[in-house]
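Chemist: mmCIF, C-alpha atoms and all ligand atoms, file structure.cif:
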```cif
data_final
loop_
_atom_site.label_atom_id
_atom_site.label_comp_id
_atom_site.auth_asym_id
_atom_site.auth_seq_id
_atom_site.Cartn_x
_atom_site.Cartn_y
_atom_site.Cartn_z
CA MET A 124 -17.57 -5.97 -23.54
CA SER A 125 -17.52 -7.90 -20.25
CA LYS A 126 -20.62 -7.32 -18.14
CA ILE A 127 -21.23 -8.68 -14.67
CA VAL A 128 -23.75 -8.11 -11.93
CA LEU A 129 -23.11 -8.99 -8.29
CA LYS A 130 -25.85 -9.04 -5.70
CA GLY A 131 -25.26 -8.64 -1.97
CA ASN A 132 -24.85 -6.07 0.79
CA ILE A 133 -22.64 -3.40 -0.78
CA ALA A 134 -20.55 -1.08 1.44
CA PHE A 135 -17.85 1.47 0.63
CA THR A 136 -16.56 4.90 1.70
CA PRO A 137 -16.78 7.57 -1.05
CA THR A 138 -15.61 10.00 1.66
CA LYS A 139 -13.87 9.22 4.92
CA GLU A 140 -16.78 10.60 6.93
CA LYS A 141 -19.26 7.86 6.24
CA PHE A 142 -20.13 4.59 4.57
CA GLN A 143 -22.44 4.35 1.64
CA ILE A 144 -24.42 1.18 2.16
CA HIS A 145 -26.76 -0.56 -0.27
CA LYS A 146 -28.47 -3.46 1.43
CA ASN A 147 -29.46 -6.38 -0.73
CA SER A 148 -28.59 -4.55 -3.95
CA TYR A 149 -27.01 -5.08 -7.34
CA ILE A 150 -23.70 -3.67 -8.52
CA ILE A 151 -23.28 -3.52 -12.30
CA VAL A 152 -19.77 -3.75 -13.74
CA GLU A 153 -18.90 -3.21 -17.39
CA ASP A 154 -15.38 -3.61 -18.73
CA GLY A 155 -13.97 -3.68 -15.22
CA LYS A 156 -15.70 -0.49 -14.08
CA VAL A 157 -18.68 0.19 -11.84
CA VAL A 158 -21.57 1.60 -13.89
CA ASP A 159 -24.43 1.45 -11.42
CA ILE A 160 -25.74 0.25 -8.08
CA CYS A 161 -29.48 -0.41 -7.76
CA SER A 162 -31.93 -2.13 -5.46
CA GLU A 163 -34.09 -3.40 -8.32
CA LEU A 164 -32.43 -4.70 -11.44
CA ASP A 165 -33.29 -2.40 -14.36
CA LYS A 166 -34.55 -4.34 -17.33
CA SER A 167 -31.60 -3.21 -19.44
CA TYR A 168 -29.38 -5.38 -17.21
CA LYS A 169 -31.73 -8.36 -17.22
CA ASN A 170 -29.65 -10.41 -19.65
CA TYR A 171 -26.38 -9.92 -17.69
CA THR A 172 -25.01 -12.87 -15.73
CA ILE A 173 -25.91 -12.34 -12.08
CA GLN A 174 -23.72 -13.61 -9.26
CA ASP A 175 -26.02 -13.75 -6.26
CA PHE A 176 -24.05 -13.49 -3.02
CA SER A 177 -27.29 -13.22 -1.02
CA ASP A 178 -26.55 -11.87 2.49
CA LYS A 179 -22.79 -11.59 2.06
CA LEU A 180 -20.90 -8.28 2.11
CA ILE A 181 -19.36 -6.78 -1.03
CA ILE A 182 -16.62 -4.26 -0.24
CA PRO A 183 -13.68 -2.66 -2.10
CA GLY A 184 -10.39 -4.59 -2.20
CA PHE A 185 -7.73 -3.45 0.26
CA VAL A 186 -4.74 -1.34 -0.71
CA ASP A 187 -1.28 -1.77 0.83
CA LEU A 188 0.65 1.37 -0.04
CA HIS A 189 4.02 0.26 1.36
CA LEU A 190 5.70 -3.13 1.64
CA HIS A 191 9.07 -4.75 0.98
CA ALA A 192 8.78 -8.00 -1.02
CA PRO A 193 12.27 -9.37 -0.24
CA GLN A 194 11.68 -8.89 3.48
CA TYR A 195 8.82 -11.43 3.42
CA PRO A 196 10.93 -14.27 4.91
CA ASN A 197 11.87 -11.99 7.83
CA ARG A 198 8.33 -11.34 9.05
CA GLY A 199 8.22 -11.60 12.81
CA LEU A 200 12.02 -11.74 13.13
CA GLY A 201 14.26 -9.35 14.98
CA LEU A 202 11.67 -6.81 16.04
CA ASP A 203 13.63 -6.00 19.16
CA LYS A 204 15.67 -3.26 17.52
CA GLU A 205 15.19 0.24 16.20
CA LEU A 206 15.34 1.10 12.51
CA ILE A 207 19.06 1.44 11.72
CA PRO A 208 20.36 -1.57 13.70
CA TRP A 209 17.37 -3.59 12.45
CA LEU A 210 18.25 -2.75 8.86
CA GLU A 211 21.89 -3.71 9.40
CA THR A 212 21.29 -6.87 11.41
CA TYR A 213 18.29 -8.44 9.75
CA THR A 214 17.08 -6.64 6.67
CA PHE A 215 20.19 -6.05 4.58
CA PRO A 216 21.45 -9.66 4.90
CA GLU A 217 18.07 -10.96 3.70
CA GLU A 218 17.89 -8.44 0.84
CA GLY A 219 21.34 -9.59 -0.26
CA LYS A 220 19.91 -12.95 -1.35
CA TYR A 221 17.93 -11.74 -4.35
CA SER A 222 20.61 -12.15 -6.97
CA ASP A 223 19.29 -15.73 -6.77
CA LEU A 224 16.21 -15.99 -9.00
CA ASP A 225 15.09 -19.38 -7.68
CA TYR A 226 15.08 -17.97 -4.17
CA SER A 227 13.29 -14.84 -5.45
CA ARG A 228 10.59 -16.93 -7.13
CA LYS A 229 10.01 -18.99 -4.01
CA VAL A 230 9.62 -15.91 -1.82
CA PHE A 231 7.54 -13.87 -4.28
CA SER A 232 5.07 -16.68 -4.99
CA ARG A 233 4.38 -16.97 -1.25
CA LEU A 234 4.13 -13.22 -0.82
CA ILE A 235 1.71 -12.76 -3.74
CA ASN A 236 -0.39 -15.71 -2.60
CA GLU A 237 -0.64 -14.14 0.82
CA LEU A 238 -1.57 -10.72 -0.56
CA TRP A 239 -4.33 -12.46 -2.52
CA ARG A 240 -5.41 -14.42 0.53
CA VAL A 241 -5.75 -11.36 2.81
CA GLY A 242 -7.67 -9.39 0.18
CA THR A 243 -5.02 -6.89 -0.86
CA THR A 244 -5.83 -6.10 -4.46
CA ARG A 245 -3.28 -3.29 -5.04
CA SER A 246 0.15 -2.72 -3.51
CA GLY A 247 3.08 -0.30 -3.55
CA VAL A 248 6.08 -2.61 -3.43
CA PHE A 249 9.82 -2.22 -2.83
CA ALA A 250 11.86 -4.98 -4.47
CA SER A 251 15.64 -5.18 -3.82
CA ILE A 252 18.55 -3.61 -5.71
CA HIS A 253 18.59 -6.60 -8.08
CA LYS A 254 17.38 -5.91 -11.62
CA GLU A 255 16.47 -9.44 -12.67
CA SER A 256 14.71 -10.22 -9.41
CA THR A 257 12.73 -6.97 -9.70
CA LYS A 258 11.66 -7.92 -13.23
CA LEU A 259 10.64 -11.35 -11.97
CA LEU A 260 8.49 -9.69 -9.29
CA LEU A 261 6.84 -7.45 -11.91
CA ASP A 262 6.16 -10.49 -14.11
CA MET A 263 4.76 -12.49 -11.22
CA PHE A 264 2.40 -9.67 -10.24
CA ILE A 265 1.26 -9.47 -13.88
CA GLU A 266 0.67 -13.23 -13.88
CA SER A 267 -1.29 -13.02 -10.61
CA GLY A 268 -3.87 -10.48 -11.83
CA LEU A 269 -3.32 -8.27 -8.76
CA GLY A 270 -2.39 -4.61 -9.20
CA ALA A 271 0.96 -3.19 -8.06
CA TYR A 272 3.62 -0.57 -8.43
CA VAL A 273 6.95 -2.35 -8.09
CA GLY A 274 10.27 -0.54 -7.68
CA LYS A 275 13.85 -1.67 -7.95
CA VAL A 276 15.52 -0.26 -4.85
CA ASN A 277 18.34 2.22 -5.46
CA MET A 278 21.16 2.73 -2.98
CA ASP A 279 24.79 3.57 -3.57
CA ARG A 280 26.16 4.43 -0.12
CA ASN A 281 25.88 3.79 3.62
CA THR A 282 24.67 0.23 3.29
CA ALA A 283 26.24 -3.23 3.31
CA PRO A 284 28.99 -3.68 0.69
CA TYR A 285 26.97 -6.36 -1.13
CA LEU A 286 24.03 -3.92 -1.49
CA THR A 287 26.08 -0.88 -2.52
CA GLU A 288 25.37 -0.19 -6.16
CA ASN A 289 27.59 1.54 -8.64
CA THR A 290 25.73 4.80 -9.21
CA ARG A 291 25.69 4.64 -13.02
CA ALA A 292 24.71 0.96 -13.03
CA SER A 293 21.86 1.72 -10.62
CA ILE A 294 20.50 4.36 -13.02
CA VAL A 295 20.99 2.23 -16.15
CA ASP A 296 19.24 -0.78 -14.55
CA THR A 297 16.36 1.39 -13.37
CA GLU A 298 15.89 2.92 -16.82
CA GLU A 299 15.91 -0.52 -18.42
CA ILE A 300 13.12 -1.69 -16.10
CA ILE A 301 11.10 1.48 -16.70
CA LYS A 302 11.31 1.12 -20.49
CA GLU A 303 10.46 -2.56 -20.41
CA TYR A 304 7.52 -2.34 -18.00
CA MET A 305 5.96 1.12 -18.30
CA ASN A 306 3.49 0.01 -20.96
CA LYS A 307 3.46 -3.74 -20.42
CA SER A 308 0.45 -3.97 -18.11
CA SER A 309 -2.38 -1.67 -17.07
CA LEU A 310 -2.30 -3.09 -13.53
CA VAL A 311 1.39 -3.56 -12.79
CA LYS A 312 3.83 -0.71 -13.27
CA PRO A 313 7.33 0.39 -12.31
CA ILE A 314 7.98 3.03 -9.65
CA VAL A 315 11.21 4.90 -8.90
CA THR A 316 12.46 3.77 -5.46
CA PRO A 317 15.38 5.53 -3.80
CA ARG A 318 15.48 3.56 -0.52
CA PHE A 319 15.78 6.65 1.69
CA ILE A 320 18.03 9.69 1.79
CA PRO A 321 20.90 8.18 3.86
CA THR A 322 21.62 5.44 1.30
CA CYS A 323 21.51 7.64 -1.83
CA SER A 324 24.20 9.96 -3.18
CA GLU A 325 23.32 13.33 -4.67
CA GLU A 326 24.11 12.06 -8.14
CA LEU A 327 21.79 9.09 -7.66
CA LEU A 328 18.92 11.23 -6.35
CA GLU A 329 19.32 13.71 -9.18
CA SER A 330 19.39 11.04 -11.88
CA LEU A 331 16.42 9.15 -10.43
CA ALA A 332 14.35 12.33 -10.44
CA GLY A 333 15.36 12.80 -14.07
CA LEU A 334 14.06 9.32 -14.93
CA ALA A 335 10.84 9.81 -12.98
CA ILE A 336 10.12 13.12 -14.71
CA ASP A 337 11.21 12.08 -18.22
CA TYR A 338 9.20 8.85 -18.21
CA LYS A 339 6.37 10.17 -15.96
CA ILE A 340 6.96 7.46 -13.38
CA PRO A 341 5.85 7.75 -9.75
CA VAL A 342 8.23 7.71 -6.79
CA GLN A 343 8.22 5.93 -3.42
CA SER A 344 10.52 6.24 -0.44
CA HIS A 345 10.70 6.65 3.35
CA LEU A 346 10.42 9.88 5.36
CA ASN A 347 10.83 10.85 9.03
CA GLU A 348 10.52 7.37 10.47
CA ASN A 349 13.07 7.47 13.27
CA LYS A 350 14.84 10.21 15.23
CA SER A 351 18.37 8.87 14.59
CA GLU A 352 17.56 8.68 10.87
CA ILE A 353 16.47 12.32 10.90
CA ILE A 354 19.70 13.43 12.62
CA TRP A 355 21.67 11.45 10.02
CA VAL A 356 19.84 13.16 7.14
CA LYS A 357 20.57 16.57 8.70
CA GLU A 358 24.28 15.66 8.86
CA LEU A 359 24.28 14.55 5.22
CA PHE A 360 22.31 17.55 3.94
CA PRO A 361 22.94 20.38 6.43
CA ASN A 362 21.76 23.04 3.99
CA SER A 363 18.33 21.59 3.35
CA GLU A 364 15.48 23.01 5.38
CA ASN A 365 14.33 19.59 6.63
CA TYR A 366 14.11 15.93 5.57
CA ALA A 367 11.17 16.42 3.19
CA SER A 368 12.86 19.33 1.48
CA VAL A 369 15.88 17.14 0.66
CA TYR A 370 13.57 15.06 -1.53
CA ASP A 371 11.91 18.21 -2.82
CA ASP A 372 15.23 19.89 -3.62
CA PHE A 373 16.03 16.85 -5.80
CA ASN A 374 12.55 16.85 -7.46
CA LEU A 375 11.50 13.62 -5.80
CA PHE A 376 8.59 15.03 -3.81
CA GLY A 377 5.43 15.18 -5.88
CA GLN A 378 7.02 16.27 -9.16
CA THR A 379 5.49 12.94 -10.20
CA SER A 380 3.01 11.06 -7.94
CA THR A 381 4.87 10.20 -4.76
CA ILE A 382 4.41 7.97 -1.70
CA MET A 383 6.38 8.60 1.48
CA ALA A 384 6.20 5.89 4.13
CA HIS A 385 5.92 6.68 7.86
CA CYS A 386 6.02 10.51 8.21
CA ILE A 387 6.00 10.21 12.00
CA TYR A 388 8.07 13.27 12.84
CA ASN A 389 7.05 15.67 10.07
CA THR A 390 7.14 19.32 11.06
CA ASP A 391 4.12 21.45 10.17
CA GLU A 392 6.15 22.82 7.25
CA GLU A 393 6.80 19.31 5.97
CA ILE A 394 3.12 18.41 6.24
CA ASP A 395 2.23 21.61 4.37
CA LEU A 396 4.73 20.73 1.64
CA MET A 397 3.17 17.29 1.26
CA ALA A 398 -0.29 18.88 0.96
CA LYS A 399 0.98 21.44 -1.56
CA ASN A 400 2.76 18.82 -3.69
CA GLY A 401 0.05 16.15 -3.29
CA VAL A 402 2.53 13.70 -1.77
CA TYR A 403 0.92 10.59 -0.23
CA ALA A 404 1.75 9.46 3.29
CA ALA A 405 1.75 5.68 3.81
CA HIS A 406 0.91 5.12 7.47
CA CYS A 407 2.39 1.85 8.77
CA PRO A 408 1.32 1.56 12.42
CA TYR A 409 2.49 -2.02 13.04
CA SER A 410 5.96 -1.27 11.76
CA ASN A 411 6.05 1.90 13.80
CA TYR A 412 5.22 -0.05 16.96
CA ASN A 413 7.65 -2.92 16.25
CA LEU A 414 10.65 -0.71 15.52
CA SER A 415 9.78 1.69 18.39
CA SER A 416 9.58 4.41 15.76
CA GLY A 417 6.68 6.44 17.14
CA ILE A 418 3.07 7.29 16.32
CA MET A 419 2.19 9.22 13.20
CA PRO A 420 -0.41 11.91 13.95
CA VAL A 421 -2.66 10.94 11.03
CA ARG A 422 -5.35 13.43 12.00
CA LYS A 423 -2.95 16.35 11.43
CA PHE A 424 -2.26 15.11 7.90
CA LEU A 425 -5.96 14.68 7.15
CA ASN A 426 -6.74 18.14 8.56
CA LYS A 427 -4.18 19.66 6.21
CA GLY A 428 -5.44 17.73 3.18
CA VAL A 429 -2.50 15.33 2.71
CA PRO A 430 -3.56 12.14 0.91
CA VAL A 431 -3.05 9.18 3.27
CA GLY A 432 -3.08 5.40 2.72
CA LEU A 433 -2.03 2.43 4.83
CA GLY A 434 1.00 0.15 4.56
CA SER A 435 1.98 -3.17 6.09
CA ASP A 436 5.69 -2.31 5.71
CA ILE A 437 6.61 -5.95 6.06
CA SER A 438 8.91 -6.93 7.61
CA GLY A 439 9.07 -3.90 9.91
CA GLY A 440 5.37 -4.68 10.12
CA ASN A 441 4.44 -8.21 11.10
CA SER A 442 1.12 -8.55 9.29
CA LEU A 443 0.10 -8.25 5.65
CA SER A 444 -3.56 -7.92 6.59
CA ILE A 445 -4.93 -4.45 5.86
CA PRO A 446 -7.96 -5.17 8.12
CA ASN A 447 -5.47 -5.69 10.99
CA ILE A 448 -3.72 -2.50 9.98
CA ILE A 449 -6.99 -0.56 9.85
CA ALA A 450 -7.60 -1.62 13.46
CA GLY A 451 -3.98 -0.73 14.30
CA THR A 452 -4.43 2.67 12.65
CA ILE A 453 -7.49 3.51 14.70
CA GLN A 454 -5.70 2.32 17.86
CA ALA A 455 -2.62 4.42 17.05
CA SER A 456 -4.86 7.45 16.48
CA LYS A 457 -6.22 7.02 20.01
CA MET A 458 -2.70 7.10 21.44
CA ALA A 459 -2.04 10.23 19.36
CA TRP A 460 -5.22 11.71 20.84
CA ILE A 461 -4.01 11.03 24.40
CA ASN A 462 -0.50 12.30 23.59
CA SER A 463 -1.90 15.52 22.12
CA ASN A 464 -3.96 16.34 25.20
CA LYS A 465 -7.01 15.29 23.23
CA GLU A 466 -6.40 17.80 20.48
CA LEU A 467 -6.07 15.32 17.59
CA ALA A 468 -9.39 13.49 17.46
CA PRO A 469 -9.10 9.71 17.11
CA LEU A 470 -10.05 8.21 13.76
CA THR A 471 -13.55 6.82 13.34
CA PHE A 472 -14.21 3.39 11.88
CA SER A 473 -15.24 4.81 8.50
CA GLU A 474 -12.04 6.88 8.40
CA GLY A 475 -9.91 3.80 9.07
CA PHE A 476 -11.76 1.82 6.39
CA PHE A 477 -11.41 4.71 3.93
CA LEU A 478 -7.62 4.85 4.47
CA GLY A 479 -7.30 1.11 3.75
CA THR A 480 -9.38 1.33 0.55
CA LYS A 481 -9.95 4.62 -1.28
CA GLY A 482 -7.26 6.55 0.64
CA GLY A 483 -4.44 4.41 -0.75
CA GLY A 484 -6.46 3.36 -3.80
CA SER A 485 -6.56 6.87 -5.22
CA PHE A 486 -2.82 6.56 -5.85
CA PHE A 487 -3.74 3.96 -8.49
CA GLY A 488 -6.48 6.07 -10.11
CA LYS A 489 -10.20 5.49 -9.59
CA VAL A 490 -9.61 2.63 -7.16
CA GLY A 491 -10.88 1.73 -3.69
CA SER A 492 -14.52 2.76 -4.00
CA PHE A 493 -17.66 1.72 -5.89
CA GLU A 494 -18.64 5.13 -7.21
CA LYS A 495 -19.54 5.19 -10.90
CA GLY A 496 -16.45 4.88 -13.09
CA TYR A 497 -14.34 3.22 -10.39
CA GLU A 498 -12.35 0.13 -11.28
CA PHE A 499 -14.12 -2.81 -9.69
CA ASP A 500 -11.66 -4.18 -7.14
CA ALA A 501 -13.81 -6.06 -4.67
CA LEU A 502 -14.02 -8.67 -1.96
CA VAL A 503 -16.99 -10.81 -1.06
CA ILE A 504 -17.15 -11.49 2.66
CA ASP A 505 -19.08 -14.33 4.24
CA ASP A 506 -19.27 -13.16 7.85
CA SER A 507 -22.29 -15.28 8.79
CA SER A 508 -20.44 -17.04 11.60
CA LEU A 509 -19.10 -13.74 12.99
CA SER A 510 -22.43 -12.01 13.39
CA ASP A 511 -24.97 -14.71 14.11
CA ILE A 512 -25.79 -13.93 17.74
CA ASN A 513 -27.27 -10.44 17.70
CA GLU A 514 -28.86 -8.62 14.81
CA LEU A 515 -26.24 -6.20 13.43
CA SER A 516 -26.28 -3.39 10.90
CA ILE A 517 -24.10 -3.76 7.79
CA GLU A 518 -21.57 -1.30 9.23
CA GLU A 519 -21.42 -3.24 12.51
CA ARG A 520 -20.89 -6.47 10.57
CA LEU A 521 -17.99 -4.77 8.80
CA GLN A 522 -16.53 -3.64 12.13
CA LYS A 523 -16.59 -7.26 13.31
CA PHE A 524 -14.90 -8.45 10.12
CA ILE A 525 -12.17 -5.79 10.36
CA TYR A 526 -11.47 -6.21 14.08
CA ILE A 527 -11.92 -9.94 14.62
CA GLY A 528 -12.23 -11.49 11.16
CA ASP A 529 -9.49 -12.77 8.90
CA ASP A 530 -8.93 -14.12 5.41
CA ARG A 531 -11.10 -17.20 6.06
CA TYR A 532 -14.12 -14.95 5.70
CA ILE A 533 -13.09 -13.66 2.25
CA VAL A 534 -14.76 -15.84 -0.35
CA GLU A 535 -14.10 -13.96 -3.62
CA ARG A 536 -11.61 -11.38 -4.87
CA TYR A 537 -11.97 -9.21 -7.99
CA VAL A 538 -9.47 -6.84 -9.59
CA LYS A 539 -10.70 -4.47 -12.30
CA GLY A 540 -13.79 -6.63 -12.78
CA ARG A 541 -11.89 -9.89 -13.10
CA ARG A 542 -12.28 -12.69 -10.55
CA ILE A 543 -8.82 -13.63 -9.26
CA GLU A 544 -7.95 -17.14 -8.14
CA LYS A 545 -5.04 -18.14 -5.93
CA PRO A 546 -2.08 -17.06 -8.07
CA PHE A 547 0.58 -19.72 -7.42
CA ASP A 548 0.55 -23.39 -6.35
N1 LIG B 1 14.05 2.91 5.85
C1 LIG B 1 14.94 2.53 4.90
N2 LIG B 1 14.77 1.25 4.56
C2 LIG B 1 13.76 0.79 5.29
C3 LIG B 1 13.12 -0.48 5.37
O1 LIG B 1 13.45 -1.46 4.70
N3 LIG B 1 12.08 -0.57 6.26
C4 LIG B 1 11.68 0.48 7.02
N4 LIG B 1 10.67 0.32 7.87
N5 LIG B 1 12.28 1.66 6.96
C5 LIG B 1 13.30 1.82 6.11
FE FE B 2 9.51 0.46 4.56
#
```
So that I can check it, write out the structure of this file as structure tokens.
Ligand code: GUN
Ligand code: FE

Modeler:
Amino acid sequence: MSKIVLKGNIAFTPTKEKFQIHKNSYIIVEDGKVVDICSELDKSYKNYTIQDFSDKLIIPGFVDLHLHAPQYPNRGLGLDKELIPWLETYTFPEEGKYSDLDYSRKVFSRLINELWRVGTTRSGVFASIHKESTKLLLDMFIESGLGAYVGKVNMDRNTAPYLTENTRASIVDTEEIIKEYMNKSSLVKPIVTPRFIPTCSEELLESLAGLAIDYKIPVQSHLNENKSEIIWVKELFPNSENYASVYDDFNLFGQTSTIMAHCIYNTDEEIDLMAKNGVYAAHCPYSNYNLSSGIMPVRKFLNKGVPVGLGSDISGGNSLSIPNIIAGTIQASKMAWINSNKELAPLTFSEGFFLGTKGGGSFFGKVGSFEKGYEFDALVIDDSSLSDINELSIEERLQKFIYIGDDRYIVERYVKGRRIEKPFD
């Protein structure tokens, strides 16, 4: 059994309301899981190897609940358009390149290195429609030691000709990936990924739900991101109550664990349905700003008990850094507060931190916190040069790291108790 002890200033958010902070304490990890946190080392742990990080911070690894791996080369490009023209002009041409495995490898190694660098220990990832490239991405995540759900994108209509799949082939390829990867790794798993309603036929949606339910595989997609998209969905499915209920009518809305990115324009009924079905919302504020999509009223979702995590949504989003996105989330919540005549209270710092750790982490199981039994995904932060002028509390030091720090301050990364080095050269 692997046993490690780390010493430092330990901070995490068991609930969104407040941090649990253990100054100058020990965290004991056995077989990848947290077993105890104590200020004095009990003698039963005396013979464990101790990693003393002295005054550094030890926090949970960050969770990115929504990103597009093949859009990595497009980061920062073409963010002068709204969703549909952006997809057609920039995104689809880039996603067309992934029949090329050499190109895929080059992009994915850089992406995974950057996820590692910015402290993202678990991700929910869209690949492209390409089967072999998706398998390569799964294999590369496995090799890296980081955790991820990776989905082959499915789309069989309303997209570029070179991305329009044959419906049967799309299903057969998806099933092949599921069978090959569902039990291959405890950290990296397949996820069913209809791109969004406009690009999926009824037959495709129905068959994908069948696969998800038969093999007990989670689902990820997009919901209510842009007003033109919503009108389009209404035209395609005039008999469905709303956008969310199209997914629900096809059993792709919480019948297995589900993530829906964006959720900016959800009606109260759609939010209630998410709460009822336990569907996760992935809030992607940077993407929502860049594509002029709008501001998701996160507070409403939290009030109604919808599980919420954060997503970079590269390359709609321009940054892979969850700390940046935590700051962006809190900023967006302040705009939502103003826009709601101060009805929807802005998020607090602990709430933002919770969403970027345990909020999204819970999609992966006991992840994103240091409570007993949680998988030990952690970062060690050396913020000494950020907080050396005035005496700061641990929570204030964390605020500085999140708002003005960056990956240079992250000195160690752990996933499920294992120290992870830079994955690719
Ligand atoms: N909706 C459908 N596809 C996409 C995508 O690639 N990015 C974003 N932001 N929204 C989408
Ligand atoms: Fe997206």

Chemist: Write out as a PDB file with C-alpha atoms, in the frame of the given file each polymer residue whose atoms come within 9 Å of Asp548 (chain A), counting only C-alpha atoms; drop sequence neighbours fewer than 2 positions from it.

Modeler:
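Written file, selection_20.pdb:
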```pdb
ATOM      1  CA  SER A 232       5.070 -16.680  -4.990  1.00  0.00           C
ATOM      2  CA  ASN A 236      -0.390 -15.710  -2.600  1.00  0.00           C
ATOM      3  CA  LYS A 545      -5.040 -18.140  -5.930  1.00  0.00           C
ATOM      4  CA  PRO A 546      -2.080 -17.060  -8.070  1.00  0.00           C
TER       5      PRO A 546
END
```

Chemist: Can you tell me how far CA of Ile252 (chain A) sits from CA of Asn197 (chain A), in Å to one decimal?

Modeler: 17.3 Å

Chemist: Would you mind reading off the distance between CA of Lys539 (chain A) and CA of Lys156 (chain A), one decimal, in Å?

Modeler: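 Calculated distance between CA of Lys539 (chain A) and CA of Lys156 (chain A) is 6.6 Å.
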
Chemist: Any residue with an atom at most 9 Å from ligand FE 2 (chain B) counts, using only C-alpha atoms and all ligand atoms. Which are they? Put them as a PyMOL selection string.

Modeler: chain A and resi 189-191+249+318+344-345+384-385+407+410+434-440

Chemist: Would you pick out the contacts of Leu521 (chain A) at 10 Å or less, using all atoms listed in the file, so that residues sharing its chain but fewer than 6 positions from it are not included, and give the list as an MDAnalysis selection string?

Modeler: chainID A and resid 134 180 182 472:473 476 504 506 509:510 515 527:528

Chemist: Just to be explicit: take each residue in the selection above, keep C-alpha atoms, and write the result as a PDB file, in the frame of the given file.

Modeler:
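New file part.pdb:
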```
ATOM      1  CA  ALA A 134     -20.550  -1.080   1.440  1.00  0.00           C
ATOM      2  CA  LEU A 180     -20.900  -8.280   2.110  1.00  0.00           C
ATOM      3  CA  ILE A 182     -16.620  -4.260  -0.240  1.00  0.00           C
ATOM      4  CA  PHE A 472     -14.210   3.390  11.880  1.00  0.00           C
ATOM      5  CA  SER A 473     -15.240   4.810   8.500  1.00  0.00           C
ATOM      6  CA  PHE A 476     -11.760   1.820   6.390  1.00  0.00           C
ATOM      7  CA  ILE A 504     -17.150 -11.490   2.660  1.00  0.00           C
ATOM      8  CA  ASP A 506     -19.270 -13.160   7.850  1.00  0.00           C
ATOM      9  CA  LEU A 509     -19.100 -13.740  12.990  1.00  0.00           C
ATOM     10  CA  SER A 510     -22.430 -12.010  13.390  1.00  0.00           C
ATOM     11  CA  LEU A 515     -26.240  -6.200  13.430  1.00  0.00           C
ATOM     12  CA  ILE A 527     -11.920  -9.940  14.620  1.00  0.00           C
ATOM     13  CA  GLY A 528     -12.230 -11.490  11.160  1.00  0.00           C
TER      14      GLY A 528
END
```

Chemist: When you look at Thr316 (chain A) with a cut-off of 10 Å (counting only C-alpha atoms), what residues show up, excluding the ones that are within fewer than 2 positions of it in the same chain? I need them as a list in words.

Modeler: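 The neighbour list is Val248, Phe249, Ala250, Ser251, Ile252, Val273, Gly274, Lys275, Val276, Asn277, Met278, Thr297, Pro313, Ile314, Arg318, Phe319, Leu328, Leu331, Ala335, Pro341, Val342, Gln343, Ser344, His345, Leu375, Thr381 and Ile382 of chain A.
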
Chemist: Using only C-alpha atoms, which of the listed residues (A:Arg422, A:His406, A:Lys427, A:Lys254) sits closest to Ile300 (chain A)?

Modeler: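 Under the stated criterion, the closest residue is A:Lys254.
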
Chemist: One number please: CA of Ile235 (chain A) to CA of Glu218 (chain A), in Å, one decimal.

Modeler: 17.4 Å

Chemist: Could you check the closest approach to ligand LIG 1 (chain B) for each of A:Ile449, A:Leu425, A:Leu467, A:Ala192 and tell me which residue wins, using all atoms listed in the file?

Modeler: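 When distances to ligand LIG 1 (chain B) are compared using all atoms listed in the file, the smallest one comes from A:Ala192.
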
Chemist: Would you list the residues near (-22.9, -10.1, -15.1) (no more than 10 Å away, in the coordinates of the file, using all atoms listed in the file) as a list in words?

Modeler: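 Every polymer residue passing the test: Ser125, Lys126, Ile127, Val128, Leu129, Lys130, Ile150, Ile151, Val152, Glu153, Tyr168, Lys169, Asn170, Tyr171, Thr172, Ile173 and Gln174 of chain A.
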
Chemist: Nearest to ligand LIG 1 (chain B) among A:Asn281, A:Thr138, A:Gln143, A:Gln194, with distances taken over only C-alpha atoms and all ligand atoms: which residue is it?

Modeler: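 Closest to ligand LIG 1 (chain B), using only C-alpha atoms and all ligand atoms: A:Gln194.
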
Chemist: Nearest residue to Arg280 (chain A) out of A:Leu502, A:Cys323, A:Val538, A:Val431, using all atoms listed in the file?

Modeler: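 Nearest to Arg280 (chain A): A:Cys323.
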
Chemist: Residues within 12 Å of (-3.3, 12.4, 12.0), file coordinates, counting only C-alpha atoms: what are they? Give the list as a PyMOL selection string.

Modeler: chain A and resi 385-389+391+394+404-406+408+418-432+452-460+462-463+466-471+474-475+478

Chemist: Please put the answer as JSON: centre and edge lengths, in Å with one decimal, of a box along x, y and z that encloses all listed atoms of ligand LIG 1 (chain B) plus 6 Å on each side.

Modeler:
```
{"center_x": 12.8, "center_y": 0.7, "center_z": 6.2, "size_x": 16.3, "size_y": 16.4, "size_z": 15.3}
```

Chemist: Point out the residue among A:Thr244, A:Asn400, A:Ser416, A:Ser227 with the least atom-to-atom distance to ligand LIG 1 (chain B), counting all atoms listed in the file.

Modeler: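 Ranking A:Thr244, A:Asn400, A:Ser416, A:Ser227 by distance to ligand LIG 1 (chain B), first place goes to A:Ser416.
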
Chemist: Which residues come within 10 Å of Thr243 (chain A), counting only C-alpha atoms, excluding same-chain residues fewer than 5 positions away, as an MDAnalysis selection string?

Modeler: chainID A and resid 183:187 235 237:238 269:270 443:446 479:480 500:502 536 538

Chemist: Rank A:Ile461, A:Ala283, A:Leu210, A:Cys161 by their smallest atom-to-atom distance to Ile144 (chain A), using all atoms listed in the file, and report the top residue only.

Modeler: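 Using all atoms listed in the file, the shortest distance to Ile144 (chain A) belongs to A:Cys161.
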